[in-house]
Amino acid sequence: MHTSIYLIEDDTTVRDFVLRSLQTRPDWSLVGYSSSFAHAQAAAADAAANVYLVDLGLPDGRGEDLLKSLSRSNPGAELLVFTVFGDESRLIEAIEAGATGYVLKGCSPQELVAAIEQIQEGGAPISSLLARLLLKRLRAAQGGPSPAPVESHQDGGVLLSEREGDVLKLVAQGYVNKEIARKLDISGHTVGSHIKNLYRKLAVHTRVQVVRVAQERGLV
Amino acid sequence: MGRLLAALGRIQAWVWASVFLGLVLVQLTLVSIPQPAPGAVSLSKATVTLAGRAQDAPETIALPHVWDDEQPPWQGDARYAFEWPRGVGPSQSLALYLPRVGARFRVWFNDRLIDEASWSTADYVDTSVVPHLVDLPSELIRPAAQDNRLEIEVRGQLLRKSGLSPISIGPREALQARYQRVFWWQVHATWMVVACSVVVALLGGLIWLQSRERVFAFLAAASLAWALRLGLTPLVHPPMPFELWFYLHKLSFTVYCGFIYLFLWDLFDHPPGRLRSLGTGILWVCPLWLVVVILREDYDLYRVWTGVLVVVAATALALMFRRARWGLDGKQRLLLVAGVVTVITGVRDFGVVQLDWPGDADLRWMPVGSLVFLLTLASVLVQRTADYVQQVSRLNQALEQRVKQKESELHAAFERLRAAERRQVLEDERRRLTRDMHDGLGSQLVQALNVVRSPDGADPAVVSAMLNHALEELRMTLDSLEPLEGDLPAILGMLRRRIAPALDAAGIELDWQVEEVPAITVNGEGMESRGVMHLFRCLQEVFANIVKHSQASRVTVRTWVEGEHAMLGVTDNGRGLGEGFRQGGRGLSHIRLRAAEIGALVQFEDLRPGTRVRFRFATRGE
């Protein structure tokens with residue numbers, strides 16, 4: 001599949017870095033670029049991109065809000081958060097807003113390309129801390145600290161399958177995908193897709209919750 | 001109108017009471033002006049014969065005739081004969097009125113027995129306590145006055161002042177009215193006073209039970225004694241032997257006087273002293289004295305005792321007046337007024353009955369006076385109790401206010417303390433971050449700057465590595481600020497991200513055997529960011545040693561539980577402790593120091609080949 005990338009970033013050095021990195025993959029293209037929230041809102045959704053690189057710290061708006069609108073307007077696209085620190089509590093908000101992965105600014109061009117490839121292949125980057133936070137968040141959504149497997153609610157609430165829980169737990173303990181795959185006797189690819197799945201669930205769950213709250217308050 | 005009411009409201013209770021009691025005294029005086037019944041004749045002279053006494057002729061005496069006053073006192077039966085008054089004839093319905101006769105009597109008219117009262121009753125009887133009205137059958141009345149013979153037989157009782165008072169003969173209707181009035185006064189009024197006294201006694205007793213203030217006990221005892229005294233008075237047939245009746249009747253009066261005395265003593269706040277023992281003294285002596293009186297059957301002995309009581313009463317009054325000179329409050333003035341009125345009633349009765357002062361001797365003022373006194377005492381106590389209640393409620397209010405004030409002060413102090421704590425925590429955190437930035441990030445940036453500025457020109461790879469390192473340092477500091485709650489695997493997971501590239505670069509394989517362990521604690525508290533940072537630095541140092549000095553090809557990171565401790569082992573297969581770690585001696589002491597900061601025990605083991613560093617952490621289970 002052709003990879004077309006849209007960058008939303010106010011820092012020109014970062015843009016240059018992205019352009020440099022993409023030179024290693026001539027088959028990929030940067031189809032658009034926004035340096036402000038306003039421009040991105042106007043232009044990003046209509047760009048024919050399947051990977052969005054979104055900076056959370058835009059000067060005129062919250063990156064999370066962009067993620068929300070993009071996940072709705074372009075549900076098939078991958079939304080990668082482009083962040084300096086990867087501070088997990090902020091990342092988890094981004095995931096709830098619809099992000100499907102993240103890339104740390106300051107990575108090497110190879111790392112950026114690898115991250116985009118990984119996500120294209122159905123995987124998702126994750127850190128042990130993020131896994132820990134996800135576990136907490138999903139268990140809380142499930143209504144208790146018990147990791148009991150509950151597939152899903154009829155209302156579409158999120159929930160952690162047993163296998164997903166195992167994966168998250170191992171990630172939280174610092175294991176990398178390869179080790180997890182070995183321990184659980186599954187493929188590395190499956191580990192990645194579990195994680196990606198979890199991201200989606202969290203985003204959907206959050207959206208469902210918002211809608212439910214809105215319905216309860218008579219707003220919708 | 002309103003102004004008048006306000007002016008009246010300012011007048012104190014004792015003034016009202018004085019006016020009211022003055023009116024009562026005037027009313028009593030008016031009621032007891034001697035008024036012979038219309039058409040009746042009073043006979044106050046008689047001839048008397050005492051049975052069994054050697055006597056030439058019947059003795060002529062003036063009424064009232066009191067047997068106990070005779071020398072020696074009369075006992076037994078005596079017969080009084082009267083001269084029939086002229087002008088009283090059979091034309092009208094006649095009656096004979098006997099205000100005081102007893103202890104028992106019979107009336108003979110023209111040799112016919114026309115009335116008798118308990119003449120042959122075996123038990124103790126005293127008819128003298130009530131008045132008597134005897135019909136004179138008109139058919140027995142002879143037209144000529146000198147033909148009519150009226151005789152009254154009396155059977156006396158020692159110590160009861162038996163005998164006969166002046167009698168009246170006259171129209172039945174007029175005498176009956178007189179009789180009824182005196183009967184009401186002597187019997188019904190007395191019972192009413194008894195009832196009031198019992199109520200006052202009960203009230204006083206109940207308040208005493210609640211408050212344990214002895215002044216109420218004194219009032220209760222005095223009221224009860226007075227009720228007993230008055231209750232025994234109008235009994236013609238007391239259900240007890242004479243001796244007991246006499247004993248109780250006189251004793252209750254003394255008890256009344258004694259307790260009133262003690263009551264006043266307390267109420268006026270007199271200091272304890274010899275004069276106070278006058279009150280307790282009569283209470284102790286009276287029972288014995290009365291025994292002597294009964295044994296000697298001598299009414300004069302009781303008169304002596306009455307003298308003692310008069311002395312006690314006079315002392316009480318004198319003390320009250322003396323106190324009055326120092327200044328009295330409203331309650332004490334009120335009591336003084338009531339006390340004076342009571343004494344006046346007592347003196348009046350004594351004067352009229354014993355000293356022939358003008359006035360109706362049949363109408364006694366003393367019950368009324370004593371009732372006034374008791375009610376005044378009760379009202380003073382009620383007022384006093386009300387004052388206490390008010391005082392207590394005022395105290396309560398003050399206390400409540402104080403408690404509220406203290407509570408808010410405490411709250412404010414607590415808030416200040418918390419604010420100070422928050423400031424302290426922030427300050428600590430700020431210092432730590434500053435120090436970390438200074439030692440880590442700052443120095444790395446300075447190094448990078450120096451490299452860039454070096455005259456030889458900067459090697460981009462070196463600068464890039466340095467800046468990368470600085471960025472990693474910053475990320476680690478930020479990671480440490482995440483709420484990790486002492487989750488050792490998560491901390492190690494974070495660390496792994498930092499160390500893995502260096503290990504990769506050095507060609508060292510990482511064997512990750514981390515398992516869940518209980519949350520680690522520092523001094524019993526969950527591990528905070530400072531502790532996480534210390535742990536990071538410790539492990540960084542360990543791995544730096546491995547990468548730089550151990551020449552290992554493999555390092556294993558393992559966690560496990562040992563007893564109530566969480567354990568962490570970092571084992572390499574390198575040269576061992578001897579070479580590698582000796583060179584990094586400073587690093588070792590750093591590790592120990594930082595481990596001590598987070599309460600962890602650290603051990604270095606030389607495995608030859610290889611080295612194992614073991615950390616032992618405290619957990620909640622401890």
# chains A, B, ... in the order shown; residues from 1 in each chain; ligands from 1
>>> closest_atom_pairs(of="chain A", to="chain B", cutoff="6 Å", atoms="only C-alpha atoms", output="JSON lines")
{"residue": "A:Phe85", "atom": "CA", "partner": "B:Arg475", "partner_atom": "CA", "distance": 5.7}
{"residue": "A:Ser128", "atom": "CA", "partner": "B:Gly493", "partner_atom": "CA", "distance": 5.3}
{"residue": "A:Ala172", "atom": "CA", "partner": "B:Ala490", "partner_atom": "CA", "distance": 5.4}
{"residue": "A:Gln173", "atom": "CA", "partner": "B:Pro489", "partner_atom": "CA", "distance": 4.5}
{"residue": "A:Gly174", "atom": "CA", "partner": "B:Gly493", "partner_atom": "CA", "distance": 3.4}
>>> residues_around(residues="Ser118 (chain B)", least_positions_apart="6", cutoff="10 Å", atoms="only C-alpha atoms", output="list in words")
Gly102, Ala103, Arg104, Phe105, Arg106, Tyr124, Val125, Asp126, Thr127, Arg155, Val236 and His237 of chain B
>>> write_last_selection(atoms="N, CA and C atoms", output="compact mmCIF listing (two decimals), in the first residue's frame")
# COMPACT_ATOMS: atom_id res chain seq x y z
N GLY B 102 -62.98 19.63 126.27
CA GLY B 102 -62.39 18.30 126.11
C GLY B 102 -61.43 18.00 127.21
N ALA B 103 -60.87 16.90 127.11
CA ALA B 103 -60.77 15.99 126.01
C ALA B 103 -62.06 15.24 125.66
N ARG B 104 -62.95 14.96 126.61
CA ARG B 104 -64.26 14.37 126.30
C ARG B 104 -65.29 15.14 127.11
N PHE B 105 -66.54 15.09 126.64
CA PHE B 105 -67.54 15.83 127.42
C PHE B 105 -68.92 15.22 127.25
N ARG B 106 -69.77 15.57 128.26
CA ARG B 106 -71.20 15.24 128.18
C ARG B 106 -71.97 16.49 128.58
N TYR B 124 -57.43 7.09 122.71
CA TYR B 124 -57.18 8.49 122.98
C TYR B 124 -58.10 9.35 122.12
N VAL B 125 -58.74 10.25 122.78
CA VAL B 125 -59.68 11.14 122.11
C VAL B 125 -59.42 12.55 122.62
N ASP B 126 -59.55 13.55 121.72
CA ASP B 126 -59.49 14.92 122.20
C ASP B 126 -60.51 15.75 121.44
N THR B 127 -61.62 16.02 122.09
CA THR B 127 -62.69 16.77 121.43
C THR B 127 -62.38 18.26 121.38
N ARG B 155 -64.08 15.26 130.78
CA ARG B 155 -63.05 14.28 131.18
C ARG B 155 -61.73 14.72 130.53
N VAL B 236 -59.78 14.45 116.06
CA VAL B 236 -60.48 14.16 117.32
C VAL B 236 -60.13 12.75 117.79
N HIS B 237 -60.01 11.84 116.84
CA HIS B 237 -59.65 10.45 117.18
C HIS B 237 -58.35 10.09 116.49
>>> select_by_dssp(residues="region 44-203 of chain B", states="strand (DSSP E or B)", output="MDAnalysis selection string")
chainID B and resid 45:50 59:62 65:66 77:83 94:98 101:102 104:109 112:117 132:136 149:155 163:164 167:171
>>> residues_around(residues="Ser69 (chain A)", least_positions_apart="2", cutoff="9 Å", atoms="only C-alpha atoms", output="JSON, numbers by chain")
{"A": [41, 45, 64, 65, 66, 67, 71, 72, 73, 74, 97, 98]}
>>> closest_residue(among="A:Val103, A:Val54, A:Leu160, A:Val204", to="Glu117 (chain A)", atoms="only C-alpha atoms")
A:Val103
>>> residues_around(residues="Thr24 (chain A)", least_positions_apart="3", cutoff="12 Å", atoms="only C-alpha atoms", output="ChimeraX atom specification")
/A:17-21,27-29,108-114
>>> select_by_dssp(residues="region 69-158 of chain B", states="helix (DSSP H, G or I)", output="list in words")
Asp69, Thr127, Ser128, Val129, Ser138, Glu139, Leu140, Ala145, Gln146 and Asp147 of chain B
>>> residues_around(residues="region 525-527 of chain B", least_positions_apart="5", cutoff="7 Å", atoms="only C-alpha atoms", output="list in words")
Glu485, Gly486, Ile520 and Val532 of chain B
>>> residues_around(residues="Ala318 (chain B)", least_positions_apart="2", cutoff="12 Å", atoms="only C-alpha atoms", output="list of chain:residue names")
B:Tyr261, B:Leu264, B:Trp265, B:Leu275, B:Val310, B:Val311, B:Val312, B:Ala313, B:Ala314, B:Thr315, B:Ala316, B:Met320, B:Phe321, B:Arg322, B:Arg323, B:Ala324, B:Arg325, B:Leu336, B:Gly339, B:Val340
>>> closest_residue(among="A:Arg90, A:Ser34, A:Glu78, A:Lys169", to="Thr12 (chain A)", atoms="only C-alpha atoms")
A:Ser34
>>> atom_distance(atom1="CA of Gly281 (chain B)", atom2="CA of Asp269 (chain B)")
19.2 Å
>>> residues_around(residues="Ala44 (chain A)", least_positions_apart="4", cutoff="8 Å", atoms="only C-alpha atoms", output="list in words")
Tyr6, Gly32, Tyr33, Ser34, His39, Ala40 and Leu70 of chain A
>>> write_last_selection(atoms="C-alpha atoms", output="CSV table (one decimal), in the first residue's frame")
chain,number,residue,atom,x,y,z
A,6,TYR,CA,0.5,14.4,6.4
A,32,GLY,CA,0.5,17.8,3.1
A,33,TYR,CA,1.8,20.0,5.9
A,34,SER,CA,0.2,22.2,8.4
A,39,HIS,CA,-4.7,25.3,9.0
A,40,ALA,CA,-4.7,21.6,9.9
A,70,LEU,CA,-9.4,13.3,12.3
>>> atom_distance(atom1="CA of Arg160 (chain B)", atom2="CA of Thr233 (chain B)")
11.4 Å
>>> closest_residue(among="B:Asp572, B:Asp439, B:Leu593, B:Ala201", to="Arg608 (chain B)", atoms="only C-alpha atoms")
B:Asp572
>>> decode(residues="region 414-447 of chain B", atoms="N, CA and C atoms", output="PDB file, in the first residue's frame")
ATOM      1  N   PHE B 414      -4.640  23.915  61.338  1.00  0.00           N
ATOM      2  CA  PHE B 414      -4.475  22.711  60.531  1.00  0.00           C
ATOM      3  C   PHE B 414      -4.249  23.081  59.060  1.00  0.00           C
ATOM      4  N   GLU B 415      -5.075  24.063  58.609  1.00  0.00           N
ATOM      5  CA  GLU B 415      -4.943  24.506  57.219  1.00  0.00           C
ATOM      6  C   GLU B 415      -3.547  25.084  56.976  1.00  0.00           C
ATOM      7  N   ARG B 416      -3.103  25.902  57.964  1.00  0.00           N
ATOM      8  CA  ARG B 416      -1.771  26.505  57.823  1.00  0.00           C
ATOM      9  C   ARG B 416      -0.712  25.411  57.721  1.00  0.00           C
ATOM     10  N   LEU B 417      -0.905  24.415  58.621  1.00  0.00           N
ATOM     11  CA  LEU B 417       0.062  23.316  58.646  1.00  0.00           C
ATOM     12  C   LEU B 417       0.082  22.595  57.301  1.00  0.00           C
ATOM     13  N   ARG B 418      -1.124  22.362  56.773  1.00  0.00           N
ATOM     14  CA  ARG B 418      -1.200  21.642  55.502  1.00  0.00           C
ATOM     15  C   ARG B 418      -0.583  22.460  54.383  1.00  0.00           C
ATOM     16  N   ALA B 419      -0.879  23.775  54.437  1.00  0.00           N
ATOM     17  CA  ALA B 419      -0.317  24.642  53.408  1.00  0.00           C
ATOM     18  C   ALA B 419       1.213  24.592  53.503  1.00  0.00           C
ATOM     19  N   ALA B 420       1.701  24.641  54.759  1.00  0.00           N
ATOM     20  CA  ALA B 420       3.152  24.611  54.952  1.00  0.00           C
ATOM     21  C   ALA B 420       3.712  23.292  54.425  1.00  0.00           C
ATOM     22  N   GLU B 421       2.958  22.195  54.705  1.00  0.00           N
ATOM     23  CA  GLU B 421       3.410  20.890  54.219  1.00  0.00           C
ATOM     24  C   GLU B 421       3.469  20.866  52.701  1.00  0.00           C
ATOM     25  N   ARG B 422       2.372  21.418  52.109  1.00  0.00           N
ATOM     26  CA  ARG B 422       2.350  21.442  50.640  1.00  0.00           C
ATOM     27  C   ARG B 422       3.533  22.241  50.106  1.00  0.00           C
ATOM     28  N   ARG B 423       3.762  23.399  50.757  1.00  0.00           N
ATOM     29  CA  ARG B 423       4.887  24.227  50.317  1.00  0.00           C
ATOM     30  C   ARG B 423       6.184  23.438  50.432  1.00  0.00           C
ATOM     31  N   GLN B 424       6.280  22.707  51.568  1.00  0.00           N
ATOM     32  CA  GLN B 424       7.519  21.959  51.805  1.00  0.00           C
ATOM     33  C   GLN B 424       7.720  20.895  50.724  1.00  0.00           C
ATOM     34  N   VAL B 425       6.608  20.187  50.418  1.00  0.00           N
ATOM     35  CA  VAL B 425       6.697  19.135  49.405  1.00  0.00           C
ATOM     36  C   VAL B 425       7.125  19.739  48.073  1.00  0.00           C
ATOM     37  N   LEU B 426       6.462  20.859  47.729  1.00  0.00           N
ATOM     38  CA  LEU B 426       6.795  21.511  46.461  1.00  0.00           C
ATOM     39  C   LEU B 426       8.260  21.937  46.456  1.00  0.00           C
ATOM     40  N   GLU B 427       8.666  22.485  47.590  1.00  0.00           N
ATOM     41  CA  GLU B 427      10.030  22.983  47.700  1.00  0.00           C
ATOM     42  C   GLU B 427      11.015  21.825  47.515  1.00  0.00           C
ATOM     43  N   ASP B 428      10.710  20.702  48.213  1.00  0.00           N
ATOM     44  CA  ASP B 428      11.579  19.521  48.097  1.00  0.00           C
ATOM     45  C   ASP B 428      11.675  19.065  46.650  1.00  0.00           C
ATOM     46  N   GLU B 429      10.489  19.016  46.025  1.00  0.00           N
ATOM     47  CA  GLU B 429      10.425  18.527  44.657  1.00  0.00           C
ATOM     48  C   GLU B 429      11.229  19.470  43.740  1.00  0.00           C
ATOM     49  N   ARG B 430      11.034  20.787  43.989  1.00  0.00           N
ATOM     50  CA  ARG B 430      11.732  21.776  43.162  1.00  0.00           C
ATOM     51  C   ARG B 430      13.242  21.596  43.304  1.00  0.00           C
ATOM     52  N   ARG B 431      13.688  21.427  44.573  1.00  0.00           N
ATOM     53  CA  ARG B 431      15.126  21.276  44.803  1.00  0.00           C
ATOM     54  C   ARG B 431      15.682  20.060  44.098  1.00  0.00           C
ATOM     55  N   ARG B 432      14.893  18.972  44.208  1.00  0.00           N
ATOM     56  CA  ARG B 432      15.385  17.736  43.604  1.00  0.00           C
ATOM     57  C   ARG B 432      15.520  17.897  42.100  1.00  0.00           C
ATOM     58  N   LEU B 433      14.443  18.480  41.505  1.00  0.00           N
ATOM     59  CA  LEU B 433      14.482  18.652  40.056  1.00  0.00           C
ATOM     60  C   LEU B 433      15.648  19.561  39.655  1.00  0.00           C
ATOM     61  N   THR B 434      15.809  20.648  40.437  1.00  0.00           N
ATOM     62  CA  THR B 434      16.900  21.573  40.134  1.00  0.00           C
ATOM     63  C   THR B 434      18.237  20.836  40.177  1.00  0.00           C
ATOM     64  N   ARG B 435      18.385  20.023  41.257  1.00  0.00           N
ATOM     65  CA  ARG B 435      19.651  19.315  41.409  1.00  0.00           C
ATOM     66  C   ARG B 435      19.858  18.338  40.248  1.00  0.00           C
ATOM     67  N   ASP B 436      18.775  17.615  39.914  1.00  0.00           N
ATOM     68  CA  ASP B 436      18.876  16.653  38.820  1.00  0.00           C
ATOM     69  C   ASP B 436      19.237  17.351  37.514  1.00  0.00           C
ATOM     70  N   MET B 437      18.536  18.476  37.276  1.00  0.00           N
ATOM     71  CA  MET B 437      18.796  19.219  36.043  1.00  0.00           C
ATOM     72  C   MET B 437      20.249  19.691  36.027  1.00  0.00           C
ATOM     73  N   HIS B 438      20.647  20.174  37.194  1.00  0.00           N
ATOM     74  CA  HIS B 438      21.987  20.726  37.298  1.00  0.00           C
ATOM     75  C   HIS B 438      23.042  19.648  37.066  1.00  0.00           C
ATOM     76  N   ASP B 439      22.877  18.531  37.808  1.00  0.00           N
ATOM     77  CA  ASP B 439      23.887  17.469  37.711  1.00  0.00           C
ATOM     78  C   ASP B 439      23.826  16.735  36.372  1.00  0.00           C
ATOM     79  N   GLY B 440      22.608  16.484  35.895  1.00  0.00           N
ATOM     80  CA  GLY B 440      22.468  15.651  34.713  1.00  0.00           C
ATOM     81  C   GLY B 440      22.422  16.476  33.438  1.00  0.00           C
ATOM     82  N   LEU B 441      21.200  16.992  33.191  1.00  0.00           N
ATOM     83  CA  LEU B 441      20.947  17.689  31.940  1.00  0.00           C
ATOM     84  C   LEU B 441      21.889  18.876  31.742  1.00  0.00           C
ATOM     85  N   GLY B 442      22.011  19.673  32.783  1.00  0.00           N
ATOM     86  CA  GLY B 442      22.812  20.897  32.690  1.00  0.00           C
ATOM     87  C   GLY B 442      24.233  20.583  32.260  1.00  0.00           C
ATOM     88  N   SER B 443      24.856  19.651  32.974  1.00  0.00           N
ATOM     89  CA  SER B 443      26.266  19.399  32.696  1.00  0.00           C
ATOM     90  C   SER B 443      26.435  18.779  31.299  1.00  0.00           C
ATOM     91  N   GLN B 444      25.440  17.986  30.881  1.00  0.00           N
ATOM     92  CA  GLN B 444      25.553  17.406  29.543  1.00  0.00           C
ATOM     93  C   GLN B 444      25.439  18.469  28.459  1.00  0.00           C
ATOM     94  N   LEU B 445      24.512  19.411  28.684  1.00  0.00           N
ATOM     95  CA  LEU B 445      24.370  20.478  27.700  1.00  0.00           C
ATOM     96  C   LEU B 445      25.628  21.327  27.636  1.00  0.00           C
ATOM     97  N   VAL B 446      26.213  21.572  28.829  1.00  0.00           N
ATOM     98  CA  VAL B 446      27.448  22.365  28.866  1.00  0.00           C
ATOM     99  C   VAL B 446      28.546  21.640  28.088  1.00  0.00           C
ATOM    100  N   GLN B 447      28.618  20.321  28.326  1.00  0.00           N
ATOM    101  CA  GLN B 447      29.619  19.525  27.594  1.00  0.00           C
ATOM    102  C   GLN B 447      29.404  19.657  26.091  1.00  0.00           C
TER     103      GLN B 447
END
